[in-house]
Amino acid sequence: MAVTIRRLEESDGVEGFDCGDEPLNNYLKHHAWTNQQKVSIGVTYAAVDESAPRTVLGYFTLATSSVPRDRFPQEYVRGLPPYDLPLILLARLAVDKRFSGKGLGHALLSEALKITLRVADEVGCRCIITDACPDKAGWYARYGFVPLEGKTATSPQRMYLDVRTIRRASSIDSFPPERA
Amino acid sequence: MPPAVKSKKAVALPAKAPTARKSKFQADLAPSEDSMVRILKTELQMTSNTDFLTDALALLRWAVSERKRGHHIISESSTGERKILLFPRLERVAPEVTLPHVDIHWTDKELESLAELASGQPADPTDALIRAMRQ
């Protein structure tokens, strides 16, 4: 399987997509293209196989956001720059369950983090945030995402990864061995 | 039949090497890619692998510089039909990675936690993150 990750296109086949989570299926099928092209509230990137380049195997959606400096608690403001805190929101990430276990999630997250680094280099951003389903929080933690406090019983787990950590990872030459 | 691109091992240069050192280039090509190199060399009337690589490099360098400037690479047929080159690796250098801006709802506790993390020292990258950035 030769996977390419690129921006979602209007002619992409999304109807058969099934990641096992109906809201994530529904987003891709009914909202991703509109949100990207018409109302501009998120850009979706699709993973496709070169042998079937219109069939979406997995996707993620990114947007930017920021936190106004005056919303932070006073005791932390001194350690932050005197501006709003720019960040990237990894709004969604899903893999069709027929292709799970093939490293697609890793490839998608890898591309999302590379885009984050490029955006940080181009216009500046301090971190990437995601709202993880509770059963996926461990998967994100493997990549260094740290859970933020304040989760309620019904809310997803909001998680944080510092751009400086991503940048440091990208500058490391040695390749750590895969751990079982 | 020898491969289209010769495999050469890098040879240590003597101590008095000239300053403008030439690099050896080694590539493991699949049979189909090897065949493609042969066909292209024939079409372009090239005999040297070095010339082939030099021209390929010049073309790729030009493509990268154009995408870095935000220019699209387009082919136009005699009837005016246009096709835009979409090459994922080239898209990585394109400047138009503009993402829309959204507002996120934050609880006070989440903001406190975010501020604590953002104002502190960054964590060391995990092995999985290092692998992700090298993919």
# chains A, B, ... in the order shown; residues from 1 in each chain; ligands from 1
>>> select_by_dssp(residues="chain B", states="strand (DSSP E or B)", output="tab-separated table (two decimals) with C-alpha atoms, in the first residue's frame")
chain	number	residue	atom	x	y	z
B	74	ILE	CA	0.76	23.71	-14.48
B	75	SER	CA	0.79	21.85	-17.77
B	76	GLU	CA	-1.32	23.29	-20.57
B	82	ARG	CA	-4.73	22.87	-17.73
B	83	LYS	CA	-3.56	20.39	-15.14
B	84	ILE	CA	-1.96	21.40	-11.87
B	101	HIS	CA	-9.17	30.27	12.72
>>> closest_atom_pairs(of="chain B", to="chain A", cutoff="7 Å", atoms="only C-alpha atoms", output="tab-separated table")
residue	atom	partner	partner_atom	distance
B:Pro88	CA	A:Arg6	CA	6.5
B:Val97	CA	A:Val119	CA	6.7
B:Leu99	CA	A:Ala63	CA	5.2
B:Pro100	CA	A:Ile41	CA	5.1
B:His101	CA	A:Thr64	CA	4.5
B:Val102	CA	A:Ser65	CA	5.2
B:Asp103	CA	A:Ser65	CA	5.9
B:Thr107	CA	A:Gly150	CA	6.9
B:Lys109	CA	A:Gly150	CA	4.8
B:Glu110	CA	A:Gly150	CA	5.1
B:Leu111	CA	A:Phe72	CA	6.1
B:Glu112	CA	A:Pro73	CA	6.1
B:Ser113	CA	A:Leu148	CA	5.5
B:Leu114	CA	A:Leu148	CA	6.5
B:Ala115	CA	A:Tyr76	CA	6.0
B:Glu116	CA	A:Tyr76	CA	6.3
B:Ser119	CA	A:Gly79	CA	4.7
B:Pro122	CA	A:Thr165	CA	5.7
B:Ala123	CA	A:Thr165	CA	6.0
B:Asp124	CA	A:Thr165	CA	6.1
B:Pro125	CA	A:Ala169	CA	5.5
B:Thr126	CA	A:Gly144	CA	5.8
B:Asp127	CA	A:Pro176	CA	5.9
B:Ala128	CA	A:Tyr143	CA	5.2
B:Leu129	CA	A:Tyr143	CA	4.6
B:Ile130	CA	A:Ala169	CA	4.8
B:Arg131	CA	A:Phe175	CA	6.7
B:Ala132	CA	A:Ser110	CA	4.7
B:Met133	CA	A:Ser170	CA	5.2
B:Arg134	CA	A:Ser170	CA	6.7
>>> write_last_selection(atoms="C-alpha atoms", output="short mmCIF file (atom, residue, chain, number, x, y, z; two decimals), in the first residue's frame")
data_model
loop_
_atom_site.label_atom_id
_atom_site.label_comp_id
_atom_site.auth_asym_id
_atom_site.auth_seq_id
_atom_site.Cartn_x
_atom_site.Cartn_y
_atom_site.Cartn_z
CA PRO B 88 2.72 15.62 -2.00
CA VAL B 97 -0.62 26.20 4.56
CA LEU B 99 -5.56 27.17 8.27
CA PRO B 100 -8.83 28.76 9.27
CA HIS B 101 -9.17 30.27 12.72
CA VAL B 102 -11.74 28.93 15.17
CA ASP B 103 -12.70 29.75 18.73
CA THR B 107 -12.86 25.84 31.10
CA LYS B 109 -9.20 24.57 34.84
CA GLU B 110 -8.12 23.75 31.27
CA LEU B 111 -6.74 27.27 30.83
CA GLU B 112 -4.80 26.99 34.07
CA SER B 113 -3.37 23.67 32.94
CA LEU B 114 -2.56 25.05 29.48
CA ALA B 115 -0.86 28.12 30.95
CA GLU B 116 1.22 25.97 33.27
CA SER B 119 4.95 28.76 30.44
CA PRO B 122 9.04 21.84 26.82
CA ALA B 123 9.09 18.11 27.40
CA ASP B 124 11.61 15.86 25.70
CA PRO B 125 10.20 14.19 22.60
CA THR B 126 9.06 10.60 22.92
CA ASP B 127 10.41 7.86 20.66
CA ALA B 128 7.07 7.71 18.84
CA LEU B 129 7.21 11.45 18.18
CA ILE B 130 10.76 11.22 16.85
CA ARG B 131 9.70 8.41 14.51
CA ALA B 132 6.69 10.43 13.40
CA MET B 133 8.84 13.41 12.50
CA ARG B 134 11.26 11.25 10.54
#
>>> closest_residue(among="A:Ala132, A:Val56, A:Val14, A:Ala32", to="A:Phe99", atoms="only C-alpha atoms")
A:Val56
>>> atom_distance(atom1="atom CA of B:Ser23", atom2="atom CA of B:Ala56")
15.8 Å
>>> select_by_dssp(residues="chain B", states="alpha helix (DSSP H)", output="count of residues only")
57
>>> residues_around(residues="B:Phe52", least_positions_apart="3", cutoff="12 Å", atoms="only C-alpha atoms", output="VMD selection string")
chain B and resid 4 to 5 36 to 49 55 to 59
>>> write_last_selection(atoms="N, CA and C atoms", output="PDB file, in the first residue's frame")
ATOM      1  N   ALA B   4      20.835   0.665 -14.356  1.00  0.00           N
ATOM      2  CA  ALA B   4      20.929   1.975 -15.002  1.00  0.00           C
ATOM      3  C   ALA B   4      21.724   2.956 -14.161  1.00  0.00           C
ATOM      4  N   VAL B   5      21.519   2.867 -12.842  1.00  0.00           N
ATOM      5  CA  VAL B   5      22.304   3.733 -11.952  1.00  0.00           C
ATOM      6  C   VAL B   5      23.271   2.846 -11.214  1.00  0.00           C
ATOM      7  N   MET B  36      12.671   2.777 -16.058  1.00  0.00           N
ATOM      8  CA  MET B  36      12.237   4.149 -16.342  1.00  0.00           C
ATOM      9  C   MET B  36      13.446   5.066 -16.580  1.00  0.00           C
ATOM     10  N   VAL B  37      14.485   4.862 -15.781  1.00  0.00           N
ATOM     11  CA  VAL B  37      15.696   5.664 -15.960  1.00  0.00           C
ATOM     12  C   VAL B  37      16.277   5.429 -17.353  1.00  0.00           C
ATOM     13  N   ARG B  38      16.319   4.154 -17.758  1.00  0.00           N
ATOM     14  CA  ARG B  38      16.861   3.829 -19.094  1.00  0.00           C
ATOM     15  C   ARG B  38      16.050   4.510 -20.194  1.00  0.00           C
ATOM     16  N   ILE B  39      14.727   4.404 -20.058  1.00  0.00           N
ATOM     17  CA  ILE B  39      13.859   4.978 -21.095  1.00  0.00           C
ATOM     18  C   ILE B  39      14.046   6.488 -21.169  1.00  0.00           C
ATOM     19  N   LEU B  40      14.084   7.110 -20.003  1.00  0.00           N
ATOM     20  CA  LEU B  40      14.243   8.575 -19.984  1.00  0.00           C
ATOM     21  C   LEU B  40      15.593   8.990 -20.562  1.00  0.00           C
ATOM     22  N   LYS B  41      16.619   8.236 -20.219  1.00  0.00           N
ATOM     23  CA  LYS B  41      17.946   8.571 -20.759  1.00  0.00           C
ATOM     24  C   LYS B  41      17.949   8.450 -22.279  1.00  0.00           C
ATOM     25  N   THR B  42      17.267   7.422 -22.781  1.00  0.00           N
ATOM     26  CA  THR B  42      17.189   7.254 -24.236  1.00  0.00           C
ATOM     27  C   THR B  42      16.422   8.416 -24.865  1.00  0.00           C
ATOM     28  N   GLU B  43      15.257   8.723 -24.272  1.00  0.00           N
ATOM     29  CA  GLU B  43      14.442   9.810 -24.826  1.00  0.00           C
ATOM     30  C   GLU B  43      15.188  11.137 -24.810  1.00  0.00           C
ATOM     31  N   LEU B  44      15.936  11.344 -23.759  1.00  0.00           N
ATOM     32  CA  LEU B  44      16.653  12.616 -23.613  1.00  0.00           C
ATOM     33  C   LEU B  44      18.050  12.568 -24.230  1.00  0.00           C
ATOM     34  N   GLN B  45      18.354  11.431 -24.858  1.00  0.00           N
ATOM     35  CA  GLN B  45      19.650  11.253 -25.528  1.00  0.00           C
ATOM     36  C   GLN B  45      20.809  11.518 -24.565  1.00  0.00           C
ATOM     37  N   MET B  46      20.672  10.902 -23.411  1.00  0.00           N
ATOM     38  CA  MET B  46      21.731  11.021 -22.403  1.00  0.00           C
ATOM     39  C   MET B  46      22.460   9.689 -22.307  1.00  0.00           C
ATOM     40  N   THR B  47      23.742   9.756 -22.079  1.00  0.00           N
ATOM     41  CA  THR B  47      24.497   8.529 -21.875  1.00  0.00           C
ATOM     42  C   THR B  47      25.046   8.450 -20.452  1.00  0.00           C
ATOM     43  N   SER B  48      25.133   9.581 -19.811  1.00  0.00           N
ATOM     44  CA  SER B  48      25.779   9.622 -18.499  1.00  0.00           C
ATOM     45  C   SER B  48      24.738   9.673 -17.385  1.00  0.00           C
ATOM     46  N   ASN B  49      24.954   8.841 -16.368  1.00  0.00           N
ATOM     47  CA  ASN B  49      24.090   8.894 -15.190  1.00  0.00           C
ATOM     48  C   ASN B  49      24.271  10.217 -14.453  1.00  0.00           C
ATOM     49  N   ASP B  55      20.406  16.851 -14.300  1.00  0.00           N
ATOM     50  CA  ASP B  55      19.206  17.457 -14.877  1.00  0.00           C
ATOM     51  C   ASP B  55      17.984  17.235 -13.986  1.00  0.00           C
ATOM     52  N   ALA B  56      17.887  16.014 -13.435  1.00  0.00           N
ATOM     53  CA  ALA B  56      16.757  15.719 -12.540  1.00  0.00           C
ATOM     54  C   ALA B  56      16.805  16.624 -11.317  1.00  0.00           C
ATOM     55  N   LEU B  57      17.996  16.836 -10.812  1.00  0.00           N
ATOM     56  CA  LEU B  57      18.170  17.703  -9.644  1.00  0.00           C
ATOM     57  C   LEU B  57      17.791  19.146  -9.978  1.00  0.00           C
ATOM     58  N   ALA B  58      18.203  19.589 -11.163  1.00  0.00           N
ATOM     59  CA  ALA B  58      17.877  20.966 -11.562  1.00  0.00           C
ATOM     60  C   ALA B  58      16.358  21.143 -11.669  1.00  0.00           C
ATOM     61  N   LEU B  59      15.705  20.129 -12.227  1.00  0.00           N
ATOM     62  CA  LEU B  59      14.247  20.199 -12.383  1.00  0.00           C
ATOM     63  C   LEU B  59      13.554  20.206 -11.017  1.00  0.00           C
TER      64      LEU B  59
END
>>> atom_distance(atom1="atom CA of A:Asp84", atom2="atom CA of A:Asp121")
17.2 Å
>>> residues_around(residues="B:Leu60", least_positions_apart="4", cutoff="12 Å", atoms="only C-alpha atoms", output="list of chain:residue names")
B:Leu53, B:Thr54, B:Asp55, B:Ala56, B:Val64, B:Ser65, B:Glu66, B:Arg67, B:Ile73, B:Phe87, B:Arg89, B:Leu90
>>> decode(residues="stretch 108-150 of chain A", atoms="N, CA and C atoms", output="PDB file, in the first residue's frame")
ATOM      1  N   LEU A 108      -0.933   9.684   9.553  1.00  0.00           N
ATOM      2  CA  LEU A 108      -1.772  10.890   9.588  1.00  0.00           C
ATOM      3  C   LEU A 108      -1.277  11.863  10.653  1.00  0.00           C
ATOM      4  N   LEU A 109      -1.006  11.332  11.846  1.00  0.00           N
ATOM      5  CA  LEU A 109      -0.533  12.220  12.916  1.00  0.00           C
ATOM      6  C   LEU A 109       0.825  12.809  12.544  1.00  0.00           C
ATOM      7  N   SER A 110       1.658  12.004  11.917  1.00  0.00           N
ATOM      8  CA  SER A 110       2.961  12.489  11.478  1.00  0.00           C
ATOM      9  C   SER A 110       2.797  13.687  10.544  1.00  0.00           C
ATOM     10  N   GLU A 111       1.897  13.571   9.584  1.00  0.00           N
ATOM     11  CA  GLU A 111       1.684  14.675   8.643  1.00  0.00           C
ATOM     12  C   GLU A 111       1.098  15.893   9.358  1.00  0.00           C
ATOM     13  N   ALA A 112       0.160  15.650  10.283  1.00  0.00           N
ATOM     14  CA  ALA A 112      -0.435  16.769  11.033  1.00  0.00           C
ATOM     15  C   ALA A 112       0.636  17.522  11.823  1.00  0.00           C
ATOM     16  N   LEU A 113       1.563  16.781  12.403  1.00  0.00           N
ATOM     17  CA  LEU A 113       2.620  17.434  13.196  1.00  0.00           C
ATOM     18  C   LEU A 113       3.599  18.190  12.297  1.00  0.00           C
ATOM     19  N   LYS A 114       3.861  17.641  11.107  1.00  0.00           N
ATOM     20  CA  LYS A 114       4.746  18.342  10.173  1.00  0.00           C
ATOM     21  C   LYS A 114       4.101  19.644   9.694  1.00  0.00           C
ATOM     22  N   ILE A 115       2.802  19.597   9.450  1.00  0.00           N
ATOM     23  CA  ILE A 115       2.086  20.818   9.058  1.00  0.00           C
ATOM     24  C   ILE A 115       2.140  21.824  10.209  1.00  0.00           C
ATOM     25  N   THR A 116       1.943  21.316  11.426  1.00  0.00           N
ATOM     26  CA  THR A 116       2.010  22.195  12.606  1.00  0.00           C
ATOM     27  C   THR A 116       3.354  22.909  12.661  1.00  0.00           C
ATOM     28  N   LEU A 117       4.417  22.158  12.416  1.00  0.00           N
ATOM     29  CA  LEU A 117       5.751  22.748  12.458  1.00  0.00           C
ATOM     30  C   LEU A 117       5.915  23.784  11.343  1.00  0.00           C
ATOM     31  N   ARG A 118       5.363  23.493  10.171  1.00  0.00           N
ATOM     32  CA  ARG A 118       5.471  24.450   9.062  1.00  0.00           C
ATOM     33  C   ARG A 118       4.705  25.729   9.380  1.00  0.00           C
ATOM     34  N   VAL A 119       3.505  25.553   9.940  1.00  0.00           N
ATOM     35  CA  VAL A 119       2.712  26.733  10.309  1.00  0.00           C
ATOM     36  C   VAL A 119       3.460  27.534  11.379  1.00  0.00           C
ATOM     37  N   ALA A 120       4.046  26.813  12.330  1.00  0.00           N
ATOM     38  CA  ALA A 120       4.809  27.497  13.389  1.00  0.00           C
ATOM     39  C   ALA A 120       5.952  28.292  12.773  1.00  0.00           C
ATOM     40  N   ASP A 121       6.598  27.716  11.761  1.00  0.00           N
ATOM     41  CA  ASP A 121       7.713  28.415  11.110  1.00  0.00           C
ATOM     42  C   ASP A 121       7.238  29.587  10.269  1.00  0.00           C
ATOM     43  N   GLU A 122       6.046  29.439   9.665  1.00  0.00           N
ATOM     44  CA  GLU A 122       5.558  30.476   8.747  1.00  0.00           C
ATOM     45  C   GLU A 122       4.903  31.635   9.490  1.00  0.00           C
ATOM     46  N   VAL A 123       4.006  31.288  10.416  1.00  0.00           N
ATOM     47  CA  VAL A 123       3.243  32.367  11.053  1.00  0.00           C
ATOM     48  C   VAL A 123       3.274  32.319  12.579  1.00  0.00           C
ATOM     49  N   GLY A 124       3.830  31.261  13.148  1.00  0.00           N
ATOM     50  CA  GLY A 124       3.932  31.165  14.595  1.00  0.00           C
ATOM     51  C   GLY A 124       2.768  30.451  15.236  1.00  0.00           C
ATOM     52  N   CYS A 125       3.064  29.461  16.029  1.00  0.00           N
ATOM     53  CA  CYS A 125       2.068  28.853  16.915  1.00  0.00           C
ATOM     54  C   CYS A 125       2.844  28.136  18.012  1.00  0.00           C
ATOM     55  N   ARG A 126       2.230  28.026  19.157  1.00  0.00           N
ATOM     56  CA  ARG A 126       2.961  27.551  20.321  1.00  0.00           C
ATOM     57  C   ARG A 126       2.745  26.074  20.625  1.00  0.00           C
ATOM     58  N   CYS A 127       1.588  25.549  20.224  1.00  0.00           N
ATOM     59  CA  CYS A 127       1.292  24.165  20.586  1.00  0.00           C
ATOM     60  C   CYS A 127       0.189  23.615  19.691  1.00  0.00           C
ATOM     61  N   ILE A 128       0.020  22.319  19.758  1.00  0.00           N
ATOM     62  CA  ILE A 128      -1.113  21.678  19.085  1.00  0.00           C
ATOM     63  C   ILE A 128      -1.982  21.062  20.178  1.00  0.00           C
ATOM     64  N   ILE A 129      -3.277  21.253  19.996  1.00  0.00           N
ATOM     65  CA  ILE A 129      -4.266  20.787  20.979  1.00  0.00           C
ATOM     66  C   ILE A 129      -5.184  19.789  20.289  1.00  0.00           C
ATOM     67  N   THR A 130      -5.565  18.749  20.992  1.00  0.00           N
ATOM     68  CA  THR A 130      -6.597  17.869  20.454  1.00  0.00           C
ATOM     69  C   THR A 130      -7.556  17.476  21.561  1.00  0.00           C
ATOM     70  N   ASP A 131      -8.774  17.198  21.171  1.00  0.00           N
ATOM     71  CA  ASP A 131      -9.776  16.678  22.108  1.00  0.00           C
ATOM     72  C   ASP A 131      -9.907  15.191  21.828  1.00  0.00           C
ATOM     73  N   ALA A 132      -9.227  14.391  22.615  1.00  0.00           N
ATOM     74  CA  ALA A 132      -9.172  12.951  22.347  1.00  0.00           C
ATOM     75  C   ALA A 132     -10.328  12.224  23.016  1.00  0.00           C
ATOM     76  N   CYS A 133     -10.865  11.233  22.314  1.00  0.00           N
ATOM     77  CA  CYS A 133     -11.793  10.317  22.972  1.00  0.00           C
ATOM     78  C   CYS A 133     -11.021   9.666  24.123  1.00  0.00           C
ATOM     79  N   PRO A 134     -11.686   9.438  25.260  1.00  0.00           N
ATOM     80  CA  PRO A 134     -10.953   8.900  26.414  1.00  0.00           C
ATOM     81  C   PRO A 134     -10.170   7.622  26.088  1.00  0.00           C
ATOM     82  N   ASP A 135     -10.711   6.772  25.209  1.00  0.00           N
ATOM     83  CA  ASP A 135      -9.994   5.526  24.918  1.00  0.00           C
ATOM     84  C   ASP A 135      -8.829   5.735  23.950  1.00  0.00           C
ATOM     85  N   LYS A 136      -8.688   6.932  23.402  1.00  0.00           N
ATOM     86  CA  LYS A 136      -7.566   7.226  22.492  1.00  0.00           C
ATOM     87  C   LYS A 136      -6.490   8.082  23.162  1.00  0.00           C
ATOM     88  N   ALA A 137      -6.751   8.509  24.396  1.00  0.00           N
ATOM     89  CA  ALA A 137      -5.798   9.408  25.066  1.00  0.00           C
ATOM     90  C   ALA A 137      -4.431   8.745  25.214  1.00  0.00           C
ATOM     91  N   GLY A 138      -4.411   7.449  25.475  1.00  0.00           N
ATOM     92  CA  GLY A 138      -3.137   6.737  25.621  1.00  0.00           C
ATOM     93  C   GLY A 138      -2.338   6.733  24.330  1.00  0.00           C
ATOM     94  N   TRP A 139      -3.054   6.621  23.211  1.00  0.00           N
ATOM     95  CA  TRP A 139      -2.369   6.624  21.908  1.00  0.00           C
ATOM     96  C   TRP A 139      -1.698   7.977  21.681  1.00  0.00           C
ATOM     97  N   TYR A 140      -2.415   9.062  21.958  1.00  0.00           N
ATOM     98  CA  TYR A 140      -1.814  10.395  21.791  1.00  0.00           C
ATOM     99  C   TYR A 140      -0.663  10.606  22.779  1.00  0.00           C
ATOM    100  N   ALA A 141      -0.811  10.048  23.977  1.00  0.00           N
ATOM    101  CA  ALA A 141       0.242  10.228  24.989  1.00  0.00           C
ATOM    102  C   ALA A 141       1.557   9.608  24.519  1.00  0.00           C
ATOM    103  N   ARG A 142       1.487   8.562  23.715  1.00  0.00           N
ATOM    104  CA  ARG A 142       2.723   7.949  23.192  1.00  0.00           C
ATOM    105  C   ARG A 142       3.525   8.965  22.385  1.00  0.00           C
ATOM    106  N   TYR A 143       2.840   9.921  21.780  1.00  0.00           N
ATOM    107  CA  TYR A 143       3.525  10.927  20.963  1.00  0.00           C
ATOM    108  C   TYR A 143       3.896  12.166  21.788  1.00  0.00           C
ATOM    109  N   GLY A 144       3.586  12.117  23.072  1.00  0.00           N
ATOM    110  CA  GLY A 144       3.973  13.219  23.937  1.00  0.00           C
ATOM    111  C   GLY A 144       2.856  14.195  24.259  1.00  0.00           C
ATOM    112  N   PHE A 145       1.653  13.938  23.767  1.00  0.00           N
ATOM    113  CA  PHE A 145       0.528  14.800  24.137  1.00  0.00           C
ATOM    114  C   PHE A 145       0.272  14.633  25.641  1.00  0.00           C
ATOM    115  N   VAL A 146       0.099  15.757  26.307  1.00  0.00           N
ATOM    116  CA  VAL A 146      -0.105  15.758  27.755  1.00  0.00           C
ATOM    117  C   VAL A 146      -1.560  16.117  28.037  1.00  0.00           C
ATOM    118  N   PRO A 147      -2.249  15.339  28.871  1.00  0.00           N
ATOM    119  CA  PRO A 147      -3.647  15.676  29.170  1.00  0.00           C
ATOM    120  C   PRO A 147      -3.746  16.961  29.986  1.00  0.00           C
ATOM    121  N   LEU A 148      -4.665  17.832  29.591  1.00  0.00           N
ATOM    122  CA  LEU A 148      -4.917  19.032  30.388  1.00  0.00           C
ATOM    123  C   LEU A 148      -5.913  18.675  31.490  1.00  0.00           C
ATOM    124  N   GLU A 149      -5.762  19.346  32.606  1.00  0.00           N
ATOM    125  CA  GLU A 149      -6.717  19.122  33.697  1.00  0.00           C
ATOM    126  C   GLU A 149      -8.038  19.793  33.344  1.00  0.00           C
ATOM    127  N   GLY A 150      -9.076  19.347  34.002  1.00  0.00           N
ATOM    128  CA  GLY A 150     -10.370  19.992  33.795  1.00  0.00           C
ATOM    129  C   GLY A 150     -11.355  19.165  33.011  1.00  0.00           C
TER     130      GLY A 150
END
